[in-house]
$ cat my_file.tsv   # TSV, C-alpha atoms
chain	number	residue	atom	x	y	z
A	1	MET	CA	72.26	42.77	68.06
A	2	PRO	CA	74.91	43.73	65.50
A	3	THR	CA	78.32	45.09	66.42
A	4	ILE	CA	80.01	47.50	63.99
A	5	SER	CA	83.67	48.29	64.61
A	6	PHE	CA	85.64	51.13	63.01
A	7	ALA	CA	89.29	50.20	62.55
A	8	ASN	CA	92.41	51.50	60.81
A	9	PRO	CA	95.84	51.69	62.48
A	10	LYS	CA	96.58	54.86	60.51
A	11	GLY	CA	95.62	57.82	62.71
A	12	GLY	CA	93.41	60.53	61.26
A	13	ALA	CA	91.66	58.21	58.82
A	14	GLY	CA	88.20	59.33	59.94
A	15	LYS	CA	87.25	56.51	62.32
A	16	THR	CA	85.75	58.65	65.07
A	17	THR	CA	83.81	60.96	62.74
A	18	SER	CA	82.40	58.03	60.77
A	19	ALA	CA	81.46	56.13	63.93
A	20	LEU	CA	79.66	59.14	65.40
A	21	LEU	CA	77.86	59.87	62.12
A	22	LEU	CA	76.51	56.33	62.04
A	23	ALA	CA	75.48	56.47	65.69
A	24	SER	CA	73.87	59.89	65.20
A	25	GLU	CA	71.82	58.74	62.22
A	26	LEU	CA	70.65	55.51	63.86
A	27	ALA	CA	69.84	57.26	67.15
A	28	SER	CA	67.82	59.92	65.31
A	29	ARG	CA	65.67	57.07	63.95
A	30	GLY	CA	64.95	55.91	67.51
A	31	ALA	CA	67.33	52.96	67.70
A	32	GLN	CA	68.97	52.06	71.01
A	33	ILE	CA	72.71	52.60	70.50
A	34	THR	CA	75.79	51.82	72.58
A	35	ILE	CA	79.11	53.33	71.55
A	36	ILE	CA	82.27	51.82	73.01
A	37	ASP	CA	84.86	54.59	72.88
A	38	ALA	CA	88.14	52.67	72.71
A	39	ASP	CA	90.07	55.54	71.12
A	40	PRO	CA	92.63	57.00	73.57
A	41	GLU	CA	91.68	60.55	72.50
A	42	LYS	CA	88.09	59.95	73.75
A	43	TRP	CA	86.52	62.41	71.30
A	44	ILE	CA	83.15	60.65	71.40
A	45	SER	CA	83.17	60.61	75.20
A	46	GLN	CA	83.89	64.35	75.17
A	47	TRP	CA	81.04	64.86	72.70
A	48	GLY	CA	78.75	62.89	75.01
A	49	ARG	CA	79.40	65.32	77.87
A	50	LEU	CA	78.06	68.23	75.82
A	51	ASP	CA	74.36	69.11	75.74
A	52	GLY	CA	72.12	67.17	73.42
A	53	LYS	CA	73.12	63.52	73.74
A	54	PRO	CA	69.86	61.56	73.45
A	55	GLU	CA	68.76	59.08	76.09
A	56	ASN	CA	68.76	56.22	73.57
A	57	LEU	CA	72.53	56.55	73.09
A	58	THR	CA	74.92	55.17	75.70
A	59	ILE	CA	78.69	55.72	75.70
A	60	ILE	CA	81.15	53.35	77.37
A	61	SER	CA	84.32	55.39	77.84
A	62	GLU	CA	86.74	52.84	79.28
A	63	ALA	CA	87.80	49.72	77.39
A	64	THR	CA	90.84	47.47	77.63
A	65	GLU	CA	92.04	44.36	75.85
A	66	ASP	CA	90.73	42.34	78.82
A	67	SER	CA	87.33	44.03	79.09
A	68	ILE	CA	86.25	44.78	75.54
A	69	VAL	CA	84.88	41.31	74.70
A	70	ASP	CA	82.61	41.36	77.78
A	71	GLN	CA	81.62	44.98	77.09
A	72	ILE	CA	80.59	44.21	73.52
A	73	GLU	CA	78.69	41.10	74.59
A	74	GLN	CA	76.81	42.94	77.35
A	75	ALA	CA	76.04	45.95	75.14
A	76	ALA	CA	74.78	43.73	72.32
A	77	ALA	CA	72.33	42.09	74.72
A	78	LYS	CA	70.53	45.39	75.42
A	79	SER	CA	71.17	47.65	72.40
A	80	GLN	CA	69.98	47.48	68.82
A	81	PHE	CA	73.41	48.48	67.57
A	82	VAL	CA	76.85	48.44	69.18
A	83	ILE	CA	79.38	50.80	67.58
A	84	VAL	CA	83.06	50.47	68.53
A	85	ASP	CA	85.51	53.30	67.82
A	86	LEU	CA	88.86	51.55	68.03
A	87	GLU	CA	92.31	52.91	68.75
A	88	GLY	CA	94.64	53.66	65.86
A	89	THR	CA	96.97	50.71	66.44
A	90	ALA	CA	96.96	47.02	65.57
A	91	SER	CA	96.61	45.97	69.21
A	92	LEU	CA	95.17	42.94	70.98
A	93	MET	CA	92.13	45.05	71.93
A	94	VAL	CA	91.54	45.86	68.26
A	95	ALA	CA	91.88	42.18	67.36
A	96	ASN	CA	89.45	41.15	70.11
A	97	ALA	CA	86.87	43.72	68.98
A	98	ILE	CA	87.20	42.65	65.36
A	99	GLY	CA	86.64	39.06	66.42
A	100	MET	CA	83.35	40.10	68.05
A	101	SER	CA	82.16	42.23	65.12
A	102	ASP	CA	79.41	41.60	62.59
A	103	LEU	CA	80.81	44.34	60.34
A	104	VAL	CA	84.20	46.06	60.34
A	105	VAL	CA	84.24	49.49	58.70
A	106	ILE	CA	87.72	50.55	57.56
A	107	PRO	CA	87.74	54.35	57.12
A	108	THR	CA	90.40	55.38	54.63
A	109	GLN	CA	91.39	58.73	53.19
A	110	GLY	CA	92.56	59.00	49.59
A	111	ALA	CA	96.25	58.62	50.39
A	112	SER	CA	98.69	55.72	50.17
A	113	MET	CA	99.44	55.75	53.93
A	114	ASP	CA	95.76	55.24	54.71
A	115	ALA	CA	95.54	52.48	52.11
A	116	LYS	CA	98.47	50.71	53.80
A	117	GLY	CA	96.66	51.02	57.13
A	118	ALA	CA	93.55	49.52	55.54
A	119	ALA	CA	95.61	46.62	54.20
A	120	LYS	CA	97.01	45.98	57.69
A	121	THR	CA	93.47	45.98	59.11
A	122	ILE	CA	92.33	43.49	56.48
A	123	ARG	CA	95.23	41.17	57.37
A	124	LEU	CA	94.14	41.40	61.00
A	125	ILE	CA	90.55	40.55	59.99
A	126	ARG	CA	91.78	37.53	58.01
A	127	ASN	CA	93.66	36.28	61.07
A	128	GLN	CA	90.58	36.69	63.25
A	129	GLU	CA	88.50	34.83	60.69
A	130	ARG	CA	90.89	31.90	61.00
A	131	LEU	CA	90.74	32.03	64.82
A	132	THR	CA	86.95	32.33	65.02
A	133	ARG	CA	86.38	30.07	62.00
A	134	ARG	CA	83.78	32.38	60.54
A	135	PRO	CA	83.77	35.13	57.91
A	136	ILE	CA	83.86	38.68	59.28
A	137	MET	CA	82.13	41.12	56.97
A	138	HIS	CA	84.24	44.19	56.25
A	139	SER	CA	84.37	47.09	53.82
A	140	VAL	CA	86.54	50.14	53.21
A	141	LEU	CA	84.87	53.53	53.69
A	142	LEU	CA	86.47	56.41	51.81
A	143	THR	CA	86.46	59.50	54.03
A	144	ARG	CA	87.01	63.25	53.81
A	145	THR	CA	86.41	63.23	50.09
A	146	SER	CA	85.63	66.33	48.07
A	147	ALA	CA	82.04	66.91	46.99
A	148	ALA	CA	83.27	68.56	43.79
A	149	VAL	CA	86.51	66.93	42.66
A	150	THR	CA	87.96	63.42	42.84
A	151	SER	CA	91.71	63.73	43.39
A	152	ARG	CA	94.33	61.69	41.56
A	153	ALA	CA	95.42	60.16	44.89
A	154	LEU	CA	91.86	59.07	45.69
A	155	LYS	CA	91.47	57.52	42.24
A	156	ASN	CA	94.75	55.67	42.76
A	157	VAL	CA	93.61	54.31	46.15
A	158	ARG	CA	90.26	53.26	44.70
A	159	ASP	CA	92.00	51.47	41.82
A	160	GLN	CA	94.30	49.65	44.26
A	161	LEU	CA	91.33	48.50	46.35
A	162	ASP	CA	89.40	47.35	43.27
A	163	LYS	CA	92.38	45.41	41.92
A	164	ALA	CA	92.83	43.70	45.29
A	165	GLY	CA	89.17	42.70	45.30
A	166	ILE	CA	88.46	44.63	48.51
A	167	GLU	CA	84.87	45.70	49.05
A	168	VAL	CA	84.35	49.46	49.23
A	169	PHE	CA	81.27	51.37	50.37
A	170	SER	CA	79.45	53.03	47.48
A	171	THR	CA	78.90	55.99	49.79
A	172	SER	CA	81.94	58.01	50.82
A	173	ILE	CA	82.04	60.48	53.70
A	174	VAL	CA	82.35	63.92	52.16
A	175	GLU	CA	84.31	66.65	53.93
A	176	ARG	CA	81.60	68.75	55.61
A	177	ALA	CA	81.75	71.48	58.24
A	178	ALA	CA	78.79	69.86	59.99
A	179	TYR	CA	80.84	66.77	60.76
A	180	ARG	CA	83.34	68.87	62.69
A	181	ASP	CA	80.69	71.06	64.32
A	182	ILE	CA	78.80	68.26	66.07
A	183	PHE	CA	81.92	67.73	68.19
A	184	ASP	CA	81.71	71.41	69.22
A	185	TYR	CA	77.93	71.87	69.57
A	186	GLY	CA	76.97	68.42	70.81
A	187	GLY	CA	73.74	66.63	69.97
A	188	LEU	CA	72.94	64.73	66.81
A	189	LEU	CA	73.54	65.77	63.23
A	190	SER	CA	69.78	66.18	62.92
A	191	ASP	CA	69.87	68.78	65.73
A	192	LEU	CA	72.19	71.21	63.91
A	193	ARG	CA	70.44	74.26	62.46
A	194	ASP	CA	70.97	76.00	59.14
A	195	ASP	CA	72.16	79.12	60.95
A	196	GLN	CA	74.85	77.11	62.74
A	197	VAL	CA	76.51	75.39	59.81
A	198	SER	CA	76.45	75.49	56.00
A	199	ASN	CA	75.15	72.71	53.74
A	200	ILE	CA	73.59	70.86	56.67
A	201	GLN	CA	71.02	69.17	54.45
A	202	ARG	CA	73.70	67.66	52.22
A	203	ALA	CA	75.59	66.50	55.31
A	204	ARG	CA	72.45	64.78	56.61
A	205	GLU	CA	71.85	63.12	53.23
A	206	ASN	CA	75.43	61.83	53.17
A	207	ALA	CA	75.10	60.37	56.68
A	208	ARG	CA	71.71	58.87	55.82
A	209	GLU	CA	73.12	57.15	52.74
A	210	PHE	CA	76.05	55.77	54.73
A	211	ALA	CA	73.79	54.44	57.49
A	212	GLY	CA	71.47	52.92	54.89
A	213	GLU	CA	74.37	51.09	53.29
A	214	VAL	CA	75.55	49.79	56.68
A	215	ILE	CA	72.07	48.45	57.43
A	216	GLY	CA	71.92	46.90	53.96
A	217	LYS	CA	75.19	45.06	54.53
A	218	LEU	CA	74.03	43.82	57.94
A	219	ARG	CA	70.75	42.59	56.50
A	220	LYS	CA	72.64	40.78	53.78
A	221	GLY	CA	74.67	39.11	56.51
A	222	GLY	CA	71.55	38.30	58.49
A	223	THR	CA	72.37	40.45	61.52
A	224	ALA	CA	70.49	43.73	61.05
A	225	ALA	CA	68.43	45.14	63.89
A	226	GLN	CA	65.04	46.63	63.10
A	227	VAL	CA	65.22	50.40	62.78
A	228	ALA	CA	62.83	52.94	61.28

$ encode --input "my_file.tsv" --output "structure tokens"
Amino acid sequence: MPTISFANPKGGAGKTTSALLLASELASRGAQITIIDADPEKWISQWGRLDGKPENLTIISEATEDSIVDQIEQAAAKSQFVIVDLEGTASLMVANAIGMSDLVVIPTQGASMDAKGAAKTIRLIRNQERLTRRPIMHSVLLTRTSAAVTSRALKNVRDQLDKAGIEVFSTSIVERAAYRDIFDYGGLLSDLRDDQVSNIQRARENAREFAGEVIGKLRKGGTAAQVA
């Protein structure tokens, strides 16, 4: 089953939030999900210890450069989707996970430092493509964007990506309180109530659109699992 890795050596780019949003949306549809939490901060593992984690979502909290290939392979044999939240460095573990991935999502904020991190990730993907002798599907995901205003910096990053011919998700992850609150309350995005957080419906729609685009890319590549 498909493996989706979230990678960008620039810290704070939105990898963990984006990975959990995708897992939350797919799990809420009944898919069997395994998350490999390879981020040293272990935010997803901490989320998993709160109330509300569904039984169809498994978290692997320990991963190393030696173990991650076996962990991805074993998880893919029993889960519909494997989601890997990678550490914010260009390490051997990151390279190994990318080499095992069907899709690499590169979360990037609208700032030049994030764009440089995305470029470094793409160079790493190109190297892994040469080693594995196969194309590795990848796309930049713009994160923490404003629902109301597109900043000059974000426009500049988008222009740079377009000029470089780098594929970018049509859906961006908008800055929403709900995306922070699931790390405090636990459970899935679909479990949050209107009295807990504002604009929850818009947050759900954003996550649904992102997950739909991920599935669309996987289907195009011939590796999508069946999910409602």

$ closest_residue --input "my_file.tsv" --among "A:Glu213, A:Asp191, A:Asp159, A:Asp51" --to "Gly110 in chain A" --atoms "all atoms listed in the file"
A:Asp159

$ closest_residue --input "my_file.tsv" --among "A:Lys78, A:Arg158, A:Lys53, A:Arg204" --to "Met1 in chain A" --atoms "all atoms listed in the file"
A:Lys78

$ residues_around --input "my_file.tsv" --residues "Gly117 in chain A" --least-positions-apart "2" --cutoff "12 Å" --atoms "all atoms listed in the file" --output "count of residues only"
28

$ closest_residue --input "my_file.tsv" --among "A:Ala203, A:Leu189, A:Ala76, A:Val214" --to "Ser24 in chain A" --atoms "all atoms listed in the file"
A:Leu189

$ residues_around --input "my_file.tsv" --residues "Tyr185 in chain A" --least-positions-apart "5" --cutoff "9 Å" --atoms "all atoms listed in the file" --output "list in words"
Trp47, Leu50, Asp51, Gly52 and Leu192 of chain A

$ residues_around --input "my_file.tsv" --residues "Arg176 in chain A" --least-positions-apart "2" --cutoff "9 Å" --atoms "all atoms listed in the file" --output "NGL selection string"
:A and (144 or 146-147 or 173-174 or 178-180 or 198-200 or 202-203)

$ atom_distance --input "my_file.tsv" --atom1 "CA of Asn56 in chain A" --atom2 "CA of Glu25 in chain A"
12.0 Å

$ atom_distance --input "my_file.tsv" --atom1 "CA of Ser139 in chain A" --atom2 "CA of Glu87 in chain A"
17.9 Å

$ atom_distance --input "my_file.tsv" --atom1 "CA of Ala23 in chain A" --atom2 "CA of Ile59 in chain A"
10.5 Å

$ residues_around --input "my_file.tsv" --residues "Ile136 in chain A" --least-positions-apart "4" --cutoff "9 Å" --atoms "all atoms listed in the file" --output "list in words"
Ile98, Gly99, Met100, Ser101, Asp102, Leu103, Val104, Ile125, Arg126, Gln128 and Glu129 of chain A

$ closest_residue --input "my_file.tsv" --among "A:Gly221, A:Pro40, A:Gly165, A:Gly216" --to "Thr16 in chain A" --atoms "only C-alpha atoms"
A:Pro40

$ closest_residue --input "my_file.tsv" --among "A:Ala31, A:Ile60, A:Ala118, A:Ile44" --to "Ala19 in chain A" --atoms "all atoms listed in the file"
A:Ile44

$ closest_residue --input "my_file.tsv" --among "A:Glu73, A:Leu188, A:Thr64, A:Pro2" --to "Gly30 in chain A" --atoms "only C-alpha atoms"
A:Leu188
